[in-house]
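Chemist: Submitted below is the structure of interest, expressed as structure tokens.
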Amino acid sequence: MSSNTTNTSTSSYQVAENAYFSSNPPPKALPQHVAAAESFINQHAAANRRVVLVTSGGTTVPLEKQTVRFIDNFSAGTRGATSAEYFLESGYAVIFLHRQFSLLPYSRHYSHSTDCFLDFLHENPDGSVVANPAHQDKMLRVLRKYNAAKRQNLLLMLPFVTITDYLHELRAVAQLMRPLGPNGLLYLAAAVSDFFVPAERMAEHKIQSTDATDMLKKQGPTTVTKESREQPQQDEEAFDNFDSSPAVPRSKRLIVDLDPVPKFLKNLVDGWAPEGMIVSFKLETDPAILVHKAKYSLERYQHHLVIGNLLSTRKWEVVFVAPGHEDNWIRVPFSRRKKTITGTEETDQKNKENEPLDPATLPEGEPEIEIEGLIIPAVEELHAKHIKTAAARSGSK
Ligand code: PMT
């Protein structure tokens with residue numbers, strides 16, 4: 001690519017960044033979050049510790065400024081919260097930028113709807129509350145790790161809600177990570193919305209589903225008399241937007257018009273955190289396009305690693321796509337996989353090592369081990385290489 005083209009494209013990314021951030025206001029908590037992140041990063045930079053920014057959970061897309069309705073996505077934050085624990089275990093300090101009320105490191109073991117924490121406890125005859133004997137060991141292990149992370153100030157939790165909150169927070173924290181140089185790692189596991197309603201087009205108040213207030217807007221407040229109660233306006237409250245039949249006129253439907261969210265990965269790579277290692281995720285539902293899309297993303301943004309995963313198999317396998325490396329499929333052991341009609345599972349697997357798993361071959365329920373326990377050591381290895389390469393480069397200057 002000629003430097004001319006690079007300049008032009010860099011400035012177009014910059015223009016998109018300026019336009020987005022100046023017209024979509026930041027979250028109120030941003031200054032507090034920035035102050036907390038700055039002191040956290042300074043502490044760990046001084047100790048020459050690696051710091052990872054883990055993003056986690058889904059972003060909402062509000063339809064109103066005083067938000068009653070919003071668009072959301074499936075992400076529970078499992079990948080992010082679980083990864084954060086393994087990063088802490090590997091000696092990283094973790095900034096956990098997460099969707100408010102999504103799963104959190106450590107507490108996730110007891111906050112899932114199928115694992116209600118009250119079911120892990122009982123009351124002793126003396127009225128004290130204790131963990132059930134069957135859960136004591138695990139609870140103690142989790143509690144100790146959680147307290148150790150807190151005691152050493154190794155885990156900073158920063159919540160976001162909307163897509164715009166997320167992007168403001170991401171930009172601010174990534175820029176603060178610059179002094180970490182290559183010791184910084186950005187691990188972008190959040191499920192980020194690709195579409196949004198820009199602030200200038202967003203309704204201030206709850207979008208109405210009936211025309212009951214149209215009169216009010218035209219004429220100002222009216223007095224409700226006995227007669228008007230008995231003879232309401234013909235159309236008043238006569239329709240709602242939940243009837244999607246084609247018989248409903250277009251003017252009475254709720255048509256949501258979304259703009260694309262600018263892709264800020266390029267800004268992240270080139271400007272916000274240029275020396276840190278950047279790991280993005282690629283989520284797809286169609287196995288046929290996953291690797292292609294991951295490669296396309298790597299090519300386009302020129303960062304360090306794309307971890308591809310499919311919605312249906314994301315707890316069982318991921319694929320690492322990195323420049324100069326063969327695609328690397330990371331899978332949990334398949335001892336509990338079903339046999340297939342074409343032969344033994346082992347033979348099938350050997351033949352398809354470089355292809356996504358067939359979800360039909362997976363057992364019901366969760367894998368016995370967490371795939372993040374395999375992902376994080378592999379990321380850490382690449383990060384160590386990244387740091388070494390950067391050191392060699394700065395040594396040769
Ligand atoms: O939370 P779980 O239920 O455990 O699910 C985990 C997960 C499936 C959400 C996670 O593993 C995952 O794949 N996260 C990324 C999902 C996603 O947003 O993929 P994408 O293809 O839409 O985006 C690709 C990358 O581009 C993302 O890393 C994102 O940081 C980045 N991006 C996206 C939008 C945007 N405007 N700018 C960006 O830079």
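Labels used: A, B, ... for chains in the order of the structure tokens, numbers from 1 for residues in each chain, and numbers from 1 for ligands as shown.
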Hey, what's within 9 Å of Phe264 (chain A) if we count only C-alpha atoms and toss same-chain stuff fewer than 6 positions away? As a list in words, please?

Modeler: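 Counting only C-alpha atoms, the residues come to Tyr13, Ala16, Glu17, Leu167 and Arg171 of chain A.
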
Chemist: Set out as a Markdown table a contact list for chain A and ligand 1 with a cut-off of 6 Å, giving each residue of chain A that qualifies its closest atom pair and distance in Å to one decimal, counting only C-alpha atoms and all ligand atoms, ordered by chain and rising residue number.

Modeler:
```
| residue | atom | partner | partner_atom_place_in_ligand_line | distance |
| --- | --- | --- | --- | --- |
| A:Gly57 | CA | ligand 1 | 1 (O) | 5.0 |
| A:Ser75 | CA | ligand 1 | 3 (O) | 3.8 |
| A:Ala76 | CA | ligand 1 | 3 (O) | 4.3 |
| A:Gly77 | CA | ligand 1 | 1 (O) | 3.4 |
| A:Thr78 | CA | ligand 1 | 4 (O) | 3.6 |
| A:Arg79 | CA | ligand 1 | 4 (O) | 3.7 |
| A:Leu188 | CA | ligand 1 | 28 (O) | 4.6 |
| A:Ala189 | CA | ligand 1 | 14 (N) | 4.1 |
| A:Ala190 | CA | ligand 1 | 14 (N) | 4.8 |
| A:Ala191 | CA | ligand 1 | 18 (O) | 3.7 |
| A:Val192 | CA | ligand 1 | 18 (O) | 4.2 |
| A:Asp194 | CA | ligand 1 | 34 (C) | 5.4 |
| A:Val261 | CA | ligand 1 | 36 (N) | 4.9 |
| A:Pro262 | CA | ligand 1 | 36 (N) | 5.1 |
| A:Lys263 | CA | ligand 1 | 37 (N) | 3.9 |
| A:Phe264 | CA | ligand 1 | 39 (O) | 4.3 |
| A:Leu265 | CA | ligand 1 | 39 (O) | 3.8 |
| A:Ser280 | CA | ligand 1 | 28 (O) | 3.7 |
| A:Phe281 | CA | ligand 1 | 28 (O) | 4.1 |
| A:Lys282 | CA | ligand 1 | 21 (O) | 4.1 |
| A:Leu283 | CA | ligand 1 | 13 (O) | 4.2 |
| A:Asn309 | CA | ligand 1 | 13 (O) | 5.8 |
```

Chemist: Find the residues around Arg144 (chain A) up to 10 Å (only C-alpha atoms counted), leave out those fewer than 6 positions away in its own chain, and share them as a PyMOL selection string.

Modeler: chain A and resi 106+138+150

Chemist: For a quick check of understanding, using only C-alpha atoms, which of A:His383, A:Arg201, A:Arg253, A:His292 has the smallest distance to Leu63 (chain A)?

Modeler: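 Closest candidate: A:Arg201.
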
Chemist: For Ala174 (chain A), find every residue with an atom within 10 Å (counting only C-alpha atoms), except residues of its own chain fewer than 6 positions away, and show them as JSON, numbers by chain.

Modeler: {"A": [37, 53, 184, 185, 186, 268, 269, 271, 272, 273, 274, 276]}

Chemist: To one decimal place, how far is CA of Asn18 (chain A) from CA of Ser102 (chain A) in Å?

Modeler: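 Between CA of Asn18 (chain A) and CA of Ser102 (chain A) the gap is 29.7 Å.
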
Chemist: For a quick check of understanding, using only C-alpha atoms, which of A:Leu140, A:Thr162, A:Ile95, A:Ser90 has the smallest distance to Glu381 (chain A)?

Modeler: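 Of A:Leu140, A:Thr162, A:Ile95, A:Ser90, the one nearest Glu381 (chain A), counting only C-alpha atoms, is A:Ser90.
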
Chemist: I need the residues in region 34-255 of chain A that are strand (DSSP E or B) according to DSSP; give them as a ChimeraX atom specification.

Modeler: /A:51-56,58,60-62,64,70-71,93-99,121-123,129-131,155-160,162,184-188,191,195-196,203

Chemist: Deliver the residues from the most recent selection as a file, using N, CA and C atoms, as a compact mmCIF listing (two decimals), in the first residue's frame.

Modeler:
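Resulting contents of part.txt:
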```txt
# COMPACT_ATOMS: atom_id res chain seq x y z
N VAL A 51 -0.65 -5.98 31.66
CA VAL A 51 -2.03 -5.58 31.95
C VAL A 51 -2.89 -5.94 30.74
N VAL A 52 -4.02 -6.61 31.01
CA VAL A 52 -4.93 -6.94 29.92
C VAL A 52 -6.25 -6.21 30.11
N LEU A 53 -6.75 -5.64 29.01
CA LEU A 53 -8.10 -5.09 29.01
C LEU A 53 -8.99 -6.17 28.40
N VAL A 54 -9.90 -6.70 29.23
CA VAL A 54 -10.85 -7.71 28.73
C VAL A 54 -12.20 -7.02 28.56
N THR A 55 -12.76 -7.06 27.35
CA THR A 55 -14.12 -6.52 27.17
C THR A 55 -15.08 -7.69 27.16
N SER A 56 -16.26 -7.47 27.71
CA SER A 56 -17.14 -8.62 27.94
C SER A 56 -18.61 -8.25 27.93
N GLY A 58 -22.67 -7.98 26.09
CA GLY A 58 -23.26 -7.32 24.91
C GLY A 58 -23.47 -5.83 25.15
N THR A 60 -25.99 -2.50 24.49
CA THR A 60 -27.38 -2.22 24.10
C THR A 60 -27.41 -1.10 23.05
N VAL A 61 -28.51 -1.07 22.30
CA VAL A 61 -28.76 0.00 21.33
C VAL A 61 -30.06 0.67 21.74
N PRO A 62 -29.99 1.80 22.47
CA PRO A 62 -31.22 2.44 22.94
C PRO A 62 -32.02 3.03 21.78
N GLU A 64 -34.55 5.25 22.65
CA GLU A 64 -34.97 6.55 23.19
C GLU A 64 -33.88 7.07 24.11
N PHE A 70 -34.78 -0.93 24.10
CA PHE A 70 -33.45 -1.01 23.48
C PHE A 70 -33.30 -2.36 22.79
N ILE A 71 -32.34 -2.41 21.86
CA ILE A 71 -32.01 -3.67 21.19
C ILE A 71 -30.80 -4.24 21.93
N ALA A 93 -2.56 -8.23 35.44
CA ALA A 93 -3.56 -7.37 36.07
C ALA A 93 -4.66 -7.17 35.02
N VAL A 94 -5.91 -7.19 35.46
CA VAL A 94 -7.03 -7.22 34.51
C VAL A 94 -7.96 -6.02 34.68
N ILE A 95 -8.17 -5.31 33.58
CA ILE A 95 -9.23 -4.29 33.54
C ILE A 95 -10.42 -4.97 32.86
N PHE A 96 -11.50 -5.10 33.60
CA PHE A 96 -12.64 -5.87 33.10
C PHE A 96 -13.75 -4.90 32.71
N LEU A 97 -13.78 -4.57 31.41
CA LEU A 97 -14.77 -3.62 30.87
C LEU A 97 -15.98 -4.45 30.43
N HIS A 98 -17.03 -4.40 31.24
CA HIS A 98 -18.11 -5.36 31.04
C HIS A 98 -19.49 -4.70 31.01
N ARG A 99 -20.40 -5.36 30.37
CA ARG A 99 -21.80 -4.93 30.38
C ARG A 99 -22.34 -5.08 31.81
N LEU A 121 -26.04 -22.83 50.03
CA LEU A 121 -25.93 -22.47 51.45
C LEU A 121 -26.98 -23.21 52.29
N HIS A 122 -26.68 -23.35 53.58
CA HIS A 122 -27.72 -23.79 54.51
C HIS A 122 -27.56 -23.08 55.85
N GLU A 123 -28.58 -23.22 56.69
CA GLU A 123 -28.55 -22.56 57.99
C GLU A 123 -28.20 -23.58 59.06
N VAL A 129 -25.03 -18.92 58.71
CA VAL A 129 -25.21 -19.40 57.33
C VAL A 129 -23.87 -19.95 56.84
N VAL A 130 -23.87 -21.18 56.35
CA VAL A 130 -22.61 -21.78 55.87
C VAL A 130 -22.82 -22.47 54.52
N ALA A 131 -21.70 -22.71 53.83
CA ALA A 131 -21.78 -23.40 52.53
C ALA A 131 -22.06 -24.89 52.76
N LEU A 155 -7.62 -6.52 39.88
CA LEU A 155 -8.82 -6.59 39.05
C LEU A 155 -9.62 -5.30 39.18
N LEU A 156 -9.76 -4.61 38.05
CA LEU A 156 -10.55 -3.37 38.05
C LEU A 156 -11.79 -3.60 37.19
N MET A 157 -12.94 -3.41 37.80
CA MET A 157 -14.20 -3.66 37.07
C MET A 157 -14.80 -2.33 36.60
N LEU A 158 -15.01 -2.20 35.31
CA LEU A 158 -15.64 -0.99 34.76
C LEU A 158 -16.88 -1.39 33.95
N PRO A 159 -18.07 -0.97 34.39
CA PRO A 159 -19.28 -1.35 33.64
C PRO A 159 -19.66 -0.36 32.53
N PHE A 160 -20.31 -0.88 31.50
CA PHE A 160 -20.93 -0.05 30.46
C PHE A 160 -22.32 -0.62 30.19
N THR A 162 -24.54 0.90 27.02
CA THR A 162 -24.88 1.06 25.59
C THR A 162 -23.63 0.92 24.71
N GLY A 184 0.99 -4.23 27.25
CA GLY A 184 -0.47 -4.12 27.26
C GLY A 184 -1.08 -5.13 26.30
N LEU A 185 -2.22 -5.69 26.70
CA LEU A 185 -2.94 -6.66 25.86
C LEU A 185 -4.40 -6.25 25.83
N LEU A 186 -4.97 -6.20 24.62
CA LEU A 186 -6.40 -5.87 24.50
C LEU A 186 -7.11 -7.11 23.98
N TYR A 187 -8.04 -7.61 24.76
CA TYR A 187 -8.71 -8.90 24.48
C TYR A 187 -10.20 -8.59 24.37
N LEU A 188 -10.64 -8.41 23.10
CA LEU A 188 -11.95 -7.81 22.85
C LEU A 188 -13.04 -8.87 22.66
N ALA A 191 -19.57 -8.55 22.78
CA ALA A 191 -20.38 -8.69 21.56
C ALA A 191 -20.91 -7.30 21.23
N PHE A 195 -24.87 -1.87 14.66
CA PHE A 195 -25.85 -0.85 14.23
C PHE A 195 -26.35 -0.08 15.44
N PHE A 196 -26.69 1.19 15.22
CA PHE A 196 -27.17 2.01 16.34
C PHE A 196 -28.05 3.15 15.84
N ALA A 203 -35.34 9.60 19.72
CA ALA A 203 -36.46 10.27 20.41
C ALA A 203 -36.05 10.55 21.85
```

Chemist: Please identify which residues in region 90-305 of chain A DSSP calls alpha helix (DSSP H) from the backbone, and express them as a ChimeraX atom specification.

Modeler: /A:108-111,133-151,163-176,214-219,226-230,265-267,290-301

Chemist: Find the spatial neighbours of region 302-306 of chain A, counting only C-alpha atoms, within a cut-off of 6 Å - ignore same-chain residues fewer than 2 positions away - and output them as a ChimeraX atom specification.

Modeler: /A:278-281,294,298-300,321-322

Chemist: Which neighbours of His112 (chain A) fall inside 10 Å, counting only C-alpha atoms, when residues of the same chain fewer than 2 positions from it are skipped, and could you give them as an MDAnalysis selection string?

Modeler: chainID A and resid 76 78 102:103 107:110 114:117

Chemist: Could the residues in this selection be saved with all heavy atoms as a JSON list (two decimals), in the first residue's frame?

Modeler:
```json
[["chain", "number", "residue", "atom", "x", "y", "z"],
["A", 76, "ALA", "N", -23.78, -13.33, 27.40],
["A", 76, "ALA", "CA", -23.95, -13.32, 28.87],
["A", 76, "ALA", "C", -22.67, -12.84, 29.54],
["A", 76, "ALA", "O", -22.66, -12.60, 30.75],
["A", 76, "ALA", "CB", -24.29, -14.73, 29.34],
["A", 78, "THR", "N", -19.88, -14.78, 29.50],
["A", 78, "THR", "CA", -19.17, -15.98, 30.00],
["A", 78, "THR", "C", -17.72, -15.98, 29.53],
["A", 78, "THR", "O", -16.80, -16.20, 30.32],
["A", 78, "THR", "CB", -19.86, -17.27, 29.48],
["A", 78, "THR", "OG1", -21.26, -17.15, 29.70],
["A", 78, "THR", "CG2", -19.31, -18.50, 30.18],
["A", 102, "SER", "N", -23.79, -8.26, 33.66],
["A", 102, "SER", "CA", -23.42, -9.53, 33.01],
["A", 102, "SER", "C", -22.51, -10.30, 33.97],
["A", 102, "SER", "O", -22.22, -9.83, 35.07],
["A", 102, "SER", "CB", -22.71, -9.26, 31.67],
["A", 102, "SER", "OG", -21.48, -8.59, 31.89],
["A", 103, "LEU", "N", -22.06, -11.49, 33.56],
["A", 103, "LEU", "CA", -21.28, -12.32, 34.48],
["A", 103, "LEU", "C", -19.95, -11.65, 34.83],
["A", 103, "LEU", "O", -19.33, -10.99, 34.00],
["A", 103, "LEU", "CB", -21.00, -13.69, 33.83],
["A", 103, "LEU", "CG", -22.25, -14.57, 33.63],
["A", 103, "LEU", "CD1", -21.86, -15.88, 32.97],
["A", 103, "LEU", "CD2", -22.98, -14.83, 34.94],
["A", 107, "SER", "N", -17.57, -14.32, 40.85],
["A", 107, "SER", "CA", -18.97, -14.43, 41.29],
["A", 107, "SER", "C", -19.79, -15.19, 40.24],
["A", 107, "SER", "O", -20.86, -15.70, 40.55],
["A", 107, "SER", "CB", -19.57, -13.05, 41.56],
["A", 107, "SER", "OG", -19.85, -12.40, 40.35],
["A", 108, "ARG", "N", -19.27, -15.28, 39.00],
["A", 108, "ARG", "CA", -20.02, -15.99, 37.94],
["A", 108, "ARG", "C", -20.34, -17.44, 38.34],
["A", 108, "ARG", "O", -21.30, -18.02, 37.86],
["A", 108, "ARG", "CB", -19.22, -15.99, 36.63],
["A", 108, "ARG", "CG", -18.05, -16.95, 36.66],
["A", 108, "ARG", "CD", -17.22, -16.97, 35.41],
["A", 108, "ARG", "NE", -16.00, -17.73, 35.62],
["A", 108, "ARG", "CZ", -15.83, -19.00, 35.27],
["A", 108, "ARG", "NH1", -16.77, -19.66, 34.65],
["A", 108, "ARG", "NH2", -14.69, -19.62, 35.52],
["A", 109, "HIS", "N", -19.50, -18.02, 39.23],
["A", 109, "HIS", "CA", -19.73, -19.43, 39.62],
["A", 109, "HIS", "C", -21.03, -19.58, 40.40],
["A", 109, "HIS", "O", -21.55, -20.67, 40.54],
["A", 109, "HIS", "CB", -18.56, -19.93, 40.47],
["A", 109, "HIS", "CG", -17.26, -19.95, 39.72],
["A", 109, "HIS", "ND1", -16.90, -21.00, 38.90],
["A", 109, "HIS", "CD2", -16.25, -19.04, 39.64],
["A", 109, "HIS", "CE1", -15.70, -20.73, 38.36],
["A", 109, "HIS", "NE2", -15.30, -19.55, 38.79],
["A", 110, "TYR", "N", -21.50, -18.45, 40.94],
["A", 110, "TYR", "CA", -22.69, -18.53, 41.80],
["A", 110, "TYR", "C", -23.80, -17.58, 41.37],
["A", 110, "TYR", "O", -24.77, -17.41, 42.10],
["A", 110, "TYR", "CB", -22.28, -18.24, 43.25],
["A", 110, "TYR", "CG", -21.19, -19.19, 43.66],
["A", 110, "TYR", "CD1", -19.86, -18.78, 43.74],
["A", 110, "TYR", "CD2", -21.48, -20.55, 43.87],
["A", 110, "TYR", "CE1", -18.86, -19.67, 44.05],
["A", 110, "TYR", "CE2", -20.48, -21.45, 44.18],
["A", 110, "TYR", "CZ", -19.18, -21.01, 44.26],
["A", 110, "TYR", "OH", -18.18, -21.91, 44.54],
["A", 114, "THR", "N", -28.95, -20.91, 36.65],
["A", 114, "THR", "CA", -29.09, -22.33, 36.98],
["A", 114, "THR", "C", -28.27, -22.70, 38.23],
["A", 114, "THR", "O", -28.36, -23.80, 38.72],
["A", 114, "THR", "CB", -28.61, -23.21, 35.81],
["A", 114, "THR", "OG1", -27.31, -22.78, 35.44],
["A", 114, "THR", "CG2", -29.55, -23.12, 34.63],
["A", 115, "ASP", "N", -27.43, -21.76, 38.69],
["A", 115, "ASP", "CA", -26.62, -22.01, 39.89],
["A", 115, "ASP", "C", -26.92, -20.91, 40.92],
["A", 115, "ASP", "O", -26.05, -20.12, 41.27],
["A", 115, "ASP", "CB", -25.11, -21.92, 39.54],
["A", 115, "ASP", "CG", -24.61, -23.21, 38.95],
["A", 115, "ASP", "OD1", -25.31, -24.22, 39.08],
["A", 115, "ASP", "OD2", -23.53, -23.18, 38.35],
["A", 116, "CYS", "N", -28.14, -20.89, 41.41],
["A", 116, "CYS", "CA", -28.50, -19.83, 42.37],
["A", 116, "CYS", "C", -27.66, -19.97, 43.63],
["A", 116, "CYS", "O", -27.57, -21.07, 44.19],
["A", 116, "CYS", "CB", -29.98, -19.95, 42.70],
["A", 116, "CYS", "SG", -30.46, -18.92, 44.08],
["A", 117, "PHE", "N", -27.05, -18.88, 44.09],
["A", 117, "PHE", "CA", -26.12, -19.02, 45.22],
["A", 117, "PHE", "C", -26.81, -19.49, 46.49],
["A", 117, "PHE", "O", -26.20, -20.13, 47.33],
["A", 117, "PHE", "CB", -25.32, -17.71, 45.45],
["A", 117, "PHE", "CG", -26.03, -16.68, 46.27],
["A", 117, "PHE", "CD1", -25.73, -16.52, 47.61],
["A", 117, "PHE", "CD2", -26.99, -15.87, 45.71],
["A", 117, "PHE", "CE1", -26.39, -15.57, 48.38],
["A", 117, "PHE", "CE2", -27.64, -14.91, 46.46],
["A", 117, "PHE", "CZ", -27.35, -14.76, 47.79]]
```

Chemist: Which one of A:His135, A:Asn267, A:Pro359, A:Ile330 sits closest to Thr285 (chain A) if you count only C-alpha atoms?

Modeler: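 Closest to Thr285 (chain A), using only C-alpha atoms: A:Pro359.
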
Chemist: Figure out the distance between CA of Gly91 (chain A) and CA of Ala46 (chain A), please, to one decimal in Å.

Modeler: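 Between CA of Ala46 (chain A) and CA of Gly91 (chain A) the gap works out to 14.9 Å.
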
Chemist: From the options A:Tyr301, A:Asn48, A:Phe120, A:Val197, which residue's atoms come nearest to Met139 (chain A), counting only C-alpha atoms?

Modeler: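 Going through A:Tyr301, A:Asn48, A:Phe120, A:Val197 one by one, the smallest distance to Met139 (chain A) is for A:Phe120.
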